[in-house]
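The structure under discussion appears below in the form of structure tokens.
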Amino acid sequence: MRHPRVGVAILTMGTRPAELTDLLASVAGQDTPAARVVVVGNGSPLPALPDWVTGVELPENLGISGGRNAALARLREFGDVDVVVDLDDDGLLISPDVFTRLAELYAADERLGVVSFRIADERGRTQRRHVPRLRA
């Protein structure tokens, strides 16, 4: 069985360049490398990015969904990504096997559509239960 190719979509508003640098380092440190990495500047200029990262600067802030859609559209144009990992610029992959584990999950179950990360703060604390709700 072939492992799916991982693409990474990162949304930034340009206010956290140090965090974006740390996130990109955690992406580069993955055991299974990303096939593509796209960083979208949502109405803000992008900082200098590594050569292996594609930058997309939007002329205006399109909101979270609009920015993510721009990243997905750019990944789709490349045509070589099977699974998309969607991250914000203040995220961090804390283990080098994140993409490997995701690829294995998708390879093992063709019905799998979405995998969600559990978000932890700087001290490793997570919410026991997270239920996304509109306007909450």
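Please note that chains go A, B, ... in the order of the structure tokens, that every chain numbers its residues from 1, and that ligands are numbered from 1 in the order shown.
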
With 10 Å as the cut-off and only C-alpha atoms counted, what is the closest atom pair between each nearby residue of range 77-107 of chain A and range 116-126 of chain A? Distances in Å to one decimal, ordered by chain and number, as CSV.
```
residue,atom,partner,partner_atom,distance
A:Val85,CA,A:Ser116,CA,9.4
A:Asp86,CA,A:Ser116,CA,9.6
A:Leu87,CA,A:Phe117,CA,9.9
A:Gly91,CA,A:Ile119,CA,8.7
A:Leu92,CA,A:Ile119,CA,9.6
A:Leu93,CA,A:Phe117,CA,9.9
A:Ile94,CA,A:Ala120,CA,9.9
A:Val98,CA,A:Phe117,CA,9.8
```

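Neighbours of Glu104 in chain A closer than or equal to 12 Å, with only C-alpha atoms counted and sequence neighbours fewer than 3 positions away skipped, come out as A:Met1, A:Arg2, A:His3, A:Pro4, A:Arg5, A:Val6, A:Thr32, A:Val83, A:Asp97, A:Val98, A:Phe99, A:Thr100, A:Arg101, A:Ala107, A:Ala108, A:Asp109, A:Glu110, A:Leu112, A:Val115.
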
Saved selection, atoms kept: N, CA and C atoms, as a PDB file, in the first residue's frame:
```pdb
ATOM      1  N   MET A   1       0.836  -1.176   0.000  1.00  0.00           N
ATOM      2  CA  MET A   1       0.000   0.000   0.000  1.00  0.00           C
ATOM      3  C   MET A   1       0.883   1.242   0.000  1.00  0.00           C
ATOM      4  N   ARG A   2       0.531   2.197  -0.847  1.00  0.00           N
ATOM      5  CA  ARG A   2       1.283   3.433  -0.972  1.00  0.00           C
ATOM      6  C   ARG A   2       0.827   4.425   0.091  1.00  0.00           C
ATOM      7  N   HIS A   3       1.785   5.080   0.704  1.00  0.00           N
ATOM      8  CA  HIS A   3       1.442   6.117   1.671  1.00  0.00           C
ATOM      9  C   HIS A   3       0.979   7.362   0.927  1.00  0.00           C
ATOM     10  N   PRO A   4      -0.097   7.974   1.394  1.00  0.00           N
ATOM     11  CA  PRO A   4      -0.557   9.223   0.776  1.00  0.00           C
ATOM     12  C   PRO A   4       0.495  10.320   0.907  1.00  0.00           C
ATOM     13  N   ARG A   5       0.534  11.204  -0.082  1.00  0.00           N
ATOM     14  CA  ARG A   5       1.442  12.353  -0.052  1.00  0.00           C
ATOM     15  C   ARG A   5       0.778  13.473   0.739  1.00  0.00           C
ATOM     16  N   VAL A   6       1.521  14.018   1.680  1.00  0.00           N
ATOM     17  CA  VAL A   6       1.004  15.029   2.602  1.00  0.00           C
ATOM     18  C   VAL A   6       1.323  16.424   2.075  1.00  0.00           C
ATOM     19  N   THR A  32       8.314  11.772   7.664  1.00  0.00           N
ATOM     20  CA  THR A  32       7.722  11.712   6.332  1.00  0.00           C
ATOM     21  C   THR A  32       7.618  13.146   5.845  1.00  0.00           C
ATOM     22  N   VAL A  83      -3.347  14.176   1.018  1.00  0.00           N
ATOM     23  CA  VAL A  83      -3.845  14.514   2.345  1.00  0.00           C
ATOM     24  C   VAL A  83      -3.352  15.922   2.692  1.00  0.00           C
ATOM     25  N   ASP A  97       6.910  12.271  13.984  1.00  0.00           N
ATOM     26  CA  ASP A  97       6.185  11.233  13.258  1.00  0.00           C
ATOM     27  C   ASP A  97       4.728  11.601  12.965  1.00  0.00           C
ATOM     28  N   VAL A  98       4.359  12.854  13.088  1.00  0.00           N
ATOM     29  CA  VAL A  98       2.969  13.269  12.867  1.00  0.00           C
ATOM     30  C   VAL A  98       2.517  12.922  11.452  1.00  0.00           C
ATOM     31  N   PHE A  99       3.293  13.314  10.437  1.00  0.00           N
ATOM     32  CA  PHE A  99       2.883  13.046   9.060  1.00  0.00           C
ATOM     33  C   PHE A  99       2.905  11.547   8.750  1.00  0.00           C
ATOM     34  N   THR A 100       3.853  10.825   9.326  1.00  0.00           N
ATOM     35  CA  THR A 100       3.901   9.365   9.134  1.00  0.00           C
ATOM     36  C   THR A 100       2.638   8.723   9.684  1.00  0.00           C
ATOM     37  N   ARG A 101       2.247   9.114  10.881  1.00  0.00           N
ATOM     38  CA  ARG A 101       1.050   8.538  11.494  1.00  0.00           C
ATOM     39  C   ARG A 101      -0.202   8.892  10.709  1.00  0.00           C
ATOM     40  N   ALA A 107      -3.861   5.555   4.686  1.00  0.00           N
ATOM     41  CA  ALA A 107      -3.570   4.372   3.874  1.00  0.00           C
ATOM     42  C   ALA A 107      -4.367   3.158   4.360  1.00  0.00           C
ATOM     43  N   ALA A 108      -4.635   3.090   5.644  1.00  0.00           N
ATOM     44  CA  ALA A 108      -5.313   1.937   6.230  1.00  0.00           C
ATOM     45  C   ALA A 108      -6.830   1.970   6.063  1.00  0.00           C
ATOM     46  N   ASP A 109      -7.408   3.150   5.800  1.00  0.00           N
ATOM     47  CA  ASP A 109      -8.866   3.245   5.740  1.00  0.00           C
ATOM     48  C   ASP A 109      -9.275   4.230   4.647  1.00  0.00           C
ATOM     49  N   GLU A 110      -9.703   3.717   3.522  1.00  0.00           N
ATOM     50  CA  GLU A 110     -10.065   4.594   2.392  1.00  0.00           C
ATOM     51  C   GLU A 110     -11.303   5.440   2.671  1.00  0.00           C
ATOM     52  N   LEU A 112     -11.681   7.131   5.467  1.00  0.00           N
ATOM     53  CA  LEU A 112     -11.293   8.204   6.372  1.00  0.00           C
ATOM     54  C   LEU A 112     -11.294   9.533   5.636  1.00  0.00           C
ATOM     55  N   VAL A 115      -9.050  13.925  10.113  1.00  0.00           N
ATOM     56  CA  VAL A 115      -8.382  13.621  11.375  1.00  0.00           C
ATOM     57  C   VAL A 115      -8.134  14.963  12.037  1.00  0.00           C
TER      58      VAL A 115
END
```

* Shell of 12 Å around Gly79 in chain A, only C-alpha atoms, local chain residues under 4 positions omitted, as a PyMOL selection string -> chain A and resi 5-7+35-36+72-75+83-84

* strand (DSSP E) call set, DSSP backbone run, chain A, as a VMD selection string -> chain A and resid 6 to 12 36 to 42 54 to 58 83 to 88

Could you dump the residues just selected with N, CA, C and O atoms as a JSON list (two decimals), in the first residue's frame?
```json
[["chain", "number", "residue", "atom", "x", "y", "z"],
["A", 6, "VAL", "N", 1.52, 14.02, 1.68],
["A", 6, "VAL", "CA", 1.00, 15.03, 2.60],
["A", 6, "VAL", "C", 1.32, 16.42, 2.07],
["A", 6, "VAL", "O", 2.45, 16.71, 1.68],
["A", 7, "GLY", "N", 0.30, 17.27, 2.07],
["A", 7, "GLY", "CA", 0.48, 18.69, 1.79],
["A", 7, "GLY", "C", 0.13, 19.48, 3.03],
["A", 7, "GLY", "O", -0.73, 19.07, 3.82],
["A", 8, "VAL", "N", 0.79, 20.60, 3.22],
["A", 8, "VAL", "CA", 0.57, 21.41, 4.41],
["A", 8, "VAL", "C", 0.08, 22.79, 3.98],
["A", 8, "VAL", "O", 0.68, 23.42, 3.11],
["A", 9, "ALA", "N", -1.01, 23.23, 4.59],
["A", 9, "ALA", "CA", -1.56, 24.56, 4.36],
["A", 9, "ALA", "C", -1.46, 25.34, 5.66],
["A", 9, "ALA", "O", -1.99, 24.90, 6.68],
["A", 10, "ILE", "N", -0.77, 26.47, 5.64],
["A", 10, "ILE", "CA", -0.57, 27.29, 6.84],
["A", 10, "ILE", "C", -1.15, 28.67, 6.58],
["A", 10, "ILE", "O", -0.85, 29.29, 5.56],
["A", 11, "LEU", "N", -1.96, 29.14, 7.49],
["A", 11, "LEU", "CA", -2.57, 30.45, 7.38],
["A", 11, "LEU", "C", -1.89, 31.40, 8.36],
["A", 11, "LEU", "O", -1.70, 31.06, 9.52],
["A", 12, "THR", "N", -1.51, 32.59, 7.88],
["A", 12, "THR", "CA", -0.88, 33.58, 8.75],
["A", 12, "THR", "C", -1.47, 34.96, 8.49],
["A", 12, "THR", "O", -1.88, 35.27, 7.38],
["A", 36, "ARG", "N", 4.27, 19.13, -0.34],
["A", 36, "ARG", "CA", 4.14, 20.57, -0.59],
["A", 36, "ARG", "C", 3.82, 21.28, 0.70],
["A", 36, "ARG", "O", 3.12, 20.75, 1.56],
["A", 37, "VAL", "N", 4.28, 22.52, 0.80],
["A", 37, "VAL", "CA", 3.93, 23.39, 1.92],
["A", 37, "VAL", "C", 3.55, 24.74, 1.33],
["A", 37, "VAL", "O", 4.32, 25.32, 0.56],
["A", 38, "VAL", "N", 2.36, 25.21, 1.67],
["A", 38, "VAL", "CA", 1.87, 26.50, 1.21],
["A", 38, "VAL", "C", 1.56, 27.35, 2.43],
["A", 38, "VAL", "O", 0.85, 26.92, 3.33],
["A", 39, "VAL", "N", 2.11, 28.57, 2.45],
["A", 39, "VAL", "CA", 1.81, 29.53, 3.49],
["A", 39, "VAL", "C", 1.05, 30.68, 2.85],
["A", 39, "VAL", "O", 1.50, 31.27, 1.87],
["A", 40, "VAL", "N", -0.12, 30.99, 3.42],
["A", 40, "VAL", "CA", -0.96, 32.06, 2.90],
["A", 40, "VAL", "C", -0.89, 33.26, 3.85],
["A", 40, "VAL", "O", -1.19, 33.14, 5.03],
["A", 41, "GLY", "N", -0.48, 34.41, 3.30],
["A", 41, "GLY", "CA", -0.54, 35.67, 4.03],
["A", 41, "GLY", "C", -1.92, 36.25, 3.81],
["A", 41, "GLY", "O", -2.24, 36.73, 2.73],
["A", 42, "ASN", "N", -2.76, 36.15, 4.82],
["A", 42, "ASN", "CA", -4.16, 36.54, 4.70],
["A", 42, "ASN", "C", -4.30, 38.06, 4.87],
["A", 42, "ASN", "O", -4.57, 38.56, 5.95],
["A", 54, "THR", "N", 5.90, 27.40, -0.62],
["A", 54, "THR", "CA", 5.25, 28.28, -1.58],
["A", 54, "THR", "C", 4.44, 29.32, -0.81],
["A", 54, "THR", "O", 3.63, 28.96, 0.05],
["A", 55, "GLY", "N", 4.66, 30.57, -1.10],
["A", 55, "GLY", "CA", 3.93, 31.65, -0.45],
["A", 55, "GLY", "C", 2.83, 32.18, -1.34],
["A", 55, "GLY", "O", 2.99, 32.29, -2.55],
["A", 56, "VAL", "N", 1.70, 32.50, -0.73],
["A", 56, "VAL", "CA", 0.57, 33.12, -1.42],
["A", 56, "VAL", "C", 0.16, 34.33, -0.60],
["A", 56, "VAL", "O", -0.24, 34.18, 0.56],
["A", 57, "GLU", "N", 0.30, 35.52, -1.18],
["A", 57, "GLU", "CA", -0.11, 36.74, -0.47],
["A", 57, "GLU", "C", -1.45, 37.20, -1.00],
["A", 57, "GLU", "O", -1.58, 37.50, -2.19],
["A", 58, "LEU", "N", -2.44, 37.24, -0.13],
["A", 58, "LEU", "CA", -3.76, 37.73, -0.51],
["A", 58, "LEU", "C", -3.80, 39.25, -0.30],
["A", 58, "LEU", "O", -3.32, 39.74, 0.72],
["A", 83, "VAL", "N", -3.35, 14.18, 1.02],
["A", 83, "VAL", "CA", -3.85, 14.51, 2.35],
["A", 83, "VAL", "C", -3.35, 15.92, 2.69],
["A", 83, "VAL", "O", -2.17, 16.22, 2.49],
["A", 84, "VAL", "N", -4.24, 16.75, 3.21],
["A", 84, "VAL", "CA", -3.86, 18.12, 3.58],
["A", 84, "VAL", "C", -3.86, 18.25, 5.10],
["A", 84, "VAL", "O", -4.82, 17.87, 5.77],
["A", 85, "VAL", "N", -2.77, 18.80, 5.62],
["A", 85, "VAL", "CA", -2.67, 19.14, 7.03],
["A", 85, "VAL", "C", -2.83, 20.66, 7.11],
["A", 85, "VAL", "O", -2.05, 21.40, 6.53],
["A", 86, "ASP", "N", -3.86, 21.08, 7.80],
["A", 86, "ASP", "CA", -4.23, 22.50, 7.87],
["A", 86, "ASP", "C", -3.79, 23.05, 9.23],
["A", 86, "ASP", "O", -4.23, 22.56, 10.27],
["A", 87, "LEU", "N", -2.90, 24.06, 9.21],
["A", 87, "LEU", "CA", -2.33, 24.59, 10.45],
["A", 87, "LEU", "C", -2.41, 26.11, 10.48],
["A", 87, "LEU", "O", -2.44, 26.76, 9.44],
["A", 88, "ASP", "N", -2.42, 26.66, 11.68],
["A", 88, "ASP", "CA", -2.28, 28.10, 11.87],
["A", 88, "ASP", "C", -0.82, 28.39, 12.18],
["A", 88, "ASP", "O", -0.08, 27.52, 12.65]]
```

* Asked: If you run DSSP on the backbone, which residues of range 1-126 of chain A are helix (DSSP H, G or I), as a PyMOL selection string?
  -> chain A and resi 17-28+63-78+98-108

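Of note, CA of Pro33 in chain A and CA of Gly14 in chain A are spaced 24.8 Å apart.
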